[in-house]
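This report refers to the structure that appears directly beneath it.
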Amino acid sequence: MLATAVFSGLRLMELLGLRWADVDLERGELHVRSQLSRKGALVPLKTRSCRRDVVLMPELAATLKRHRLASRHSLPEDFVFCGAAGRPLHFRNVQRRGMDEAVERASLEAAKRYPTMHDLRHCFASLLIGQGLDVVFVSRQLGHANPATTLRVYASEFDNIRHGDSVRTVLSEQFGNLLETATRNQAQDPAPEAAVVTAIHN
(Lines give C-alpha, C1' and ligand atoms only; values in the text may rest on other atoms or scores of the structure.)
Protein backbone atom coordinates (compact mmCIF):
# COMPACT_ATOMS: atom_id res chain seq x y z
CA MET A 1 0.00 0.00 0.00
CA LEU A 2 2.86 2.37 0.79
CA ALA A 3 4.46 1.66 -2.58
CA THR A 4 1.14 2.39 -4.31
CA ALA A 5 0.84 5.65 -2.37
CA VAL A 6 4.33 6.78 -3.39
CA PHE A 7 3.96 5.93 -7.07
CA SER A 8 0.31 6.85 -7.68
CA GLY A 9 -0.30 9.91 -5.51
CA LEU A 10 -3.73 8.66 -4.43
CA ARG A 11 -5.20 10.18 -1.30
CA LEU A 12 -5.45 7.81 1.66
CA MET A 13 -9.22 7.34 1.43
CA GLU A 14 -8.90 6.80 -2.34
CA LEU A 15 -6.34 4.08 -1.71
CA LEU A 16 -8.60 2.42 0.82
CA GLY A 17 -11.52 2.52 -1.62
CA LEU A 18 -9.51 0.94 -4.42
CA ARG A 19 -10.93 -2.37 -5.69
CA TRP A 20 -9.37 -4.86 -8.06
CA ALA A 21 -11.76 -3.77 -10.79
CA ASP A 22 -10.00 -0.39 -10.61
CA VAL A 23 -6.57 -1.89 -11.29
CA ASP A 24 -6.12 -2.07 -15.07
CA LEU A 25 -2.91 -4.02 -15.64
CA GLU A 26 -3.39 -4.18 -19.42
CA ARG A 27 -3.59 -0.42 -19.88
CA GLY A 28 -1.27 0.32 -16.97
CA GLU A 29 -3.72 2.51 -15.06
CA LEU A 30 -5.42 2.89 -11.73
CA HIS A 31 -9.03 4.02 -12.14
CA VAL A 32 -9.99 6.29 -9.26
CA ARG A 33 -13.77 6.02 -9.12
CA SER A 34 -14.70 6.01 -5.43
CA GLN A 35 -13.25 6.38 -1.97
CA LEU A 36 -13.78 5.09 1.52
CA SER A 37 -15.54 7.17 4.14
CA ARG A 38 -14.14 7.40 7.66
CA LYS A 39 -16.97 5.08 8.71
CA GLY A 40 -15.70 2.41 6.32
CA ALA A 41 -18.33 2.75 3.58
CA LEU A 42 -17.58 3.10 -0.11
CA VAL A 43 -18.74 6.58 -1.18
CA PRO A 44 -18.53 8.79 -4.30
CA LEU A 45 -15.51 11.00 -4.81
CA LYS A 46 -15.72 14.52 -3.44
CA THR A 47 -15.40 16.30 -6.78
CA ARG A 48 -15.56 15.48 -10.49
CA SER A 49 -11.84 16.20 -10.88
CA CYS A 50 -11.02 13.47 -8.36
CA ARG A 51 -12.32 10.93 -10.89
CA ARG A 52 -9.23 10.11 -12.94
CA ASP A 53 -6.96 7.48 -14.44
CA VAL A 54 -3.51 7.43 -12.88
CA VAL A 55 -0.54 6.07 -14.80
CA LEU A 56 0.67 2.78 -13.33
CA MET A 57 4.37 2.14 -13.83
CA PRO A 58 5.23 -1.47 -14.83
CA GLU A 59 7.08 -2.27 -11.60
CA LEU A 60 4.17 -1.16 -9.44
CA ALA A 61 1.80 -3.11 -11.70
CA ALA A 62 3.92 -6.21 -11.12
CA THR A 63 3.89 -5.60 -7.37
CA LEU A 64 0.10 -5.29 -7.34
CA LYS A 65 -0.24 -8.42 -9.46
CA ARG A 66 1.81 -10.40 -6.93
CA HIS A 67 -0.26 -8.90 -4.13
CA ARG A 68 -3.47 -10.01 -5.83
CA LEU A 69 -2.20 -13.55 -6.41
CA ALA A 70 -1.28 -13.83 -2.73
CA SER A 71 -4.59 -12.41 -1.49
CA ARG A 72 -7.64 -14.45 -0.54
CA HIS A 73 -9.74 -11.49 -1.68
CA SER A 74 -8.94 -11.04 -5.35
CA LEU A 75 -12.31 -10.77 -7.06
CA PRO A 76 -13.01 -7.60 -9.07
CA GLU A 77 -15.30 -6.22 -6.32
CA ASP A 78 -12.82 -6.97 -3.51
CA PHE A 79 -10.75 -4.24 -1.91
CA VAL A 80 -7.10 -4.13 -2.93
CA PHE A 81 -5.98 -3.30 0.60
CA CYS A 82 -8.00 -5.21 3.16
CA GLY A 83 -7.82 -7.25 6.33
CA ALA A 84 -8.18 -11.00 6.74
CA ALA A 85 -11.97 -10.77 6.54
CA GLY A 86 -11.89 -8.73 3.33
CA ARG A 87 -12.90 -5.48 4.95
CA PRO A 88 -10.92 -2.37 3.99
CA LEU A 89 -8.21 -1.26 6.38
CA HIS A 90 -9.00 1.45 8.93
CA PHE A 91 -7.35 4.74 8.02
CA ARG A 92 -5.85 5.26 11.48
CA ASN A 93 -4.29 1.80 11.48
CA VAL A 94 -2.69 2.50 8.10
CA GLN A 95 -0.82 5.43 9.64
CA ARG A 96 0.01 3.72 12.93
CA ARG A 97 0.81 0.18 11.82
CA GLY A 98 1.95 0.95 8.31
CA MET A 99 3.45 4.38 7.83
CA ASP A 100 4.78 4.90 11.36
CA GLU A 101 6.41 1.48 11.39
CA ALA A 102 8.01 2.15 8.01
CA VAL A 103 9.33 5.47 9.31
CA GLU A 104 10.89 3.75 12.32
CA ARG A 105 12.48 1.04 10.18
CA ALA A 106 13.96 3.74 7.96
CA SER A 107 15.29 5.55 11.07
CA LEU A 108 13.40 8.72 10.18
CA GLU A 109 11.75 9.17 13.56
CA ALA A 110 14.29 11.86 14.47
CA ALA A 111 12.90 14.14 11.77
CA LYS A 112 11.36 17.45 12.85
CA ARG A 113 7.94 16.21 11.78
CA TYR A 114 6.77 12.63 11.55
CA PRO A 115 5.98 11.84 7.88
CA THR A 116 2.36 11.02 7.11
CA MET A 117 0.56 9.16 4.35
CA HIS A 118 -0.21 12.50 2.72
CA ASP A 119 3.53 13.15 2.42
CA LEU A 120 3.70 10.18 0.06
CA ARG A 121 1.22 11.98 -2.20
CA HIS A 122 3.54 14.99 -2.22
CA CYS A 123 6.40 12.63 -3.02
CA PHE A 124 4.58 11.41 -6.14
CA ALA A 125 3.96 14.99 -7.25
CA SER A 126 7.64 15.82 -6.77
CA LEU A 127 8.66 12.78 -8.81
CA LEU A 128 6.46 13.88 -11.72
CA ILE A 129 7.66 17.48 -11.57
CA GLY A 130 11.26 16.30 -11.35
CA GLN A 131 10.80 14.48 -14.65
CA GLY A 132 9.81 17.76 -16.30
CA LEU A 133 6.13 16.93 -16.75
CA ASP A 134 3.87 19.93 -17.24
CA VAL A 135 1.53 21.31 -14.61
CA VAL A 136 -1.66 20.25 -16.43
CA PHE A 137 -0.64 16.58 -16.53
CA VAL A 138 0.55 16.62 -12.91
CA SER A 139 -2.71 18.28 -11.87
CA ARG A 140 -4.77 15.57 -13.58
CA GLN A 141 -2.75 12.79 -12.02
CA LEU A 142 -3.27 14.28 -8.57
CA GLY A 143 -6.98 14.92 -9.13
CA HIS A 144 -6.77 18.65 -8.49
CA ALA A 145 -9.74 20.72 -9.58
CA ASN A 146 -7.52 23.25 -11.31
CA PRO A 147 -3.87 23.32 -12.48
CA ALA A 148 -3.57 26.61 -10.61
CA THR A 149 -3.91 24.66 -7.37
CA THR A 150 -1.04 22.38 -8.38
CA LEU A 151 1.09 25.33 -9.39
CA ARG A 152 0.41 27.11 -6.12
CA VAL A 153 1.27 24.10 -3.96
CA TYR A 154 4.37 23.11 -5.93
CA ALA A 155 5.47 26.50 -7.26
CA SER A 156 9.05 26.26 -6.01
CA GLU A 157 9.56 22.83 -7.54
CA PHE A 158 8.20 23.90 -10.92
CA ASP A 159 10.45 26.97 -10.78
CA ASN A 160 13.52 24.88 -10.01
CA ILE A 161 12.84 22.58 -12.93
CA ARG A 162 11.83 25.35 -15.32
CA HIS A 163 14.72 27.70 -14.58
CA GLY A 164 17.42 25.36 -13.29
CA ASP A 165 18.67 24.20 -16.68
CA SER A 166 18.43 27.70 -18.13
CA VAL A 167 20.46 29.18 -15.29
CA ARG A 168 23.11 26.49 -15.59
CA THR A 169 23.40 27.06 -19.34
CA VAL A 170 23.61 30.85 -19.07
CA LEU A 171 26.19 30.77 -16.29
CA SER A 172 28.26 28.20 -18.15
CA GLU A 173 28.20 30.19 -21.39
CA GLN A 174 29.05 33.47 -19.68
CA PHE A 175 31.50 32.39 -17.01
CA GLY A 176 32.53 28.79 -17.71
CA ASN A 177 35.75 29.71 -19.53
CA LEU A 178 36.54 32.25 -16.85
CA LEU A 179 36.36 29.66 -14.10
CA GLU A 180 38.39 27.15 -16.08
CA THR A 181 41.09 29.77 -16.72
CA ALA A 182 41.22 30.71 -13.04
CA THR A 183 41.47 27.04 -12.07
CA ARG A 184 44.34 26.45 -14.49
CA ASN A 185 46.19 29.39 -12.95
CA GLN A 186 45.72 27.92 -9.50
CA ALA A 187 49.18 26.32 -9.61
CA GLN A 188 50.84 29.72 -9.92
CA ASP A 189 48.53 31.44 -7.43
CA PRO A 190 48.58 30.09 -3.84
CA ALA A 191 45.13 31.61 -3.30
CA PRO A 192 42.84 30.22 -6.04
CA GLU A 193 39.90 32.30 -4.91
CA ALA A 194 41.99 35.41 -5.53
CA ALA A 195 42.60 34.23 -9.10
CA VAL A 196 38.86 33.96 -9.65
CA VAL A 197 38.23 37.46 -8.33
CA THR A 198 41.05 38.87 -10.47
CA ALA A 199 39.70 37.14 -13.58
CA ILE A 200 36.21 38.54 -12.98
CA HIS A 201 37.60 42.03 -12.39
CA ASN A 202 39.58 41.90 -15.64
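Ordering of the C-alpha coordinates sets the chain letters (A, B, ...), residue numbers begin anew at 1 in every chain, and ligands are numbered from 1 in the order given.
DSSP on the backbone gives strand (DSSP E or B) for these parts of range 46-197 of chain A: Arg52, Asp53, Val54, Val55, Phe79, Cys82 and Pro88 of chain A.
Separating CA of Leu151 in chain A from CA of Phe137 in chain A is a distance of 11.4 Å.
Of the residues listed (A:Gly130, A:Gly17, A:His163, A:Ser139), A:Gly17 shows the shortest atom-to-atom separation from Pro44 in chain A; distances use only C-alpha atoms.
Using only C-alpha atoms, the nearest neighbour of Gly132 in chain A within the list A:Asp119, A:Glu29, A:Glu180, A:Asp165 is A:Asp165.
Distances to Thr150 in chain A were evaluated for A:Leu108, A:Arg162, A:His122, A:Leu18 using only C-alpha atoms, and the minimum falls at A:His122.
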* To do: For Val80 in chain A, list every protein, DNA or RNA residue within 12 Å, evaluated using only C-alpha atoms, and leave out those in the same chain fewer than 2 positions away; present the list as a PyMOL selection string.
  => chain A and resi 1+4+14-23+30+63-78+82-84+86-89
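Counting only C-alpha atoms and comparing A:Asp100, A:Glu59, A:Asp53, A:Asp134, the residue that lies closest to Tyr154 in chain A is A:Asp134.
Proximity ranking of A:Ala148, A:Ala41, A:Leu25, A:Val32 relative to Ala62 in chain A places A:Leu25 first, based on only C-alpha atoms.
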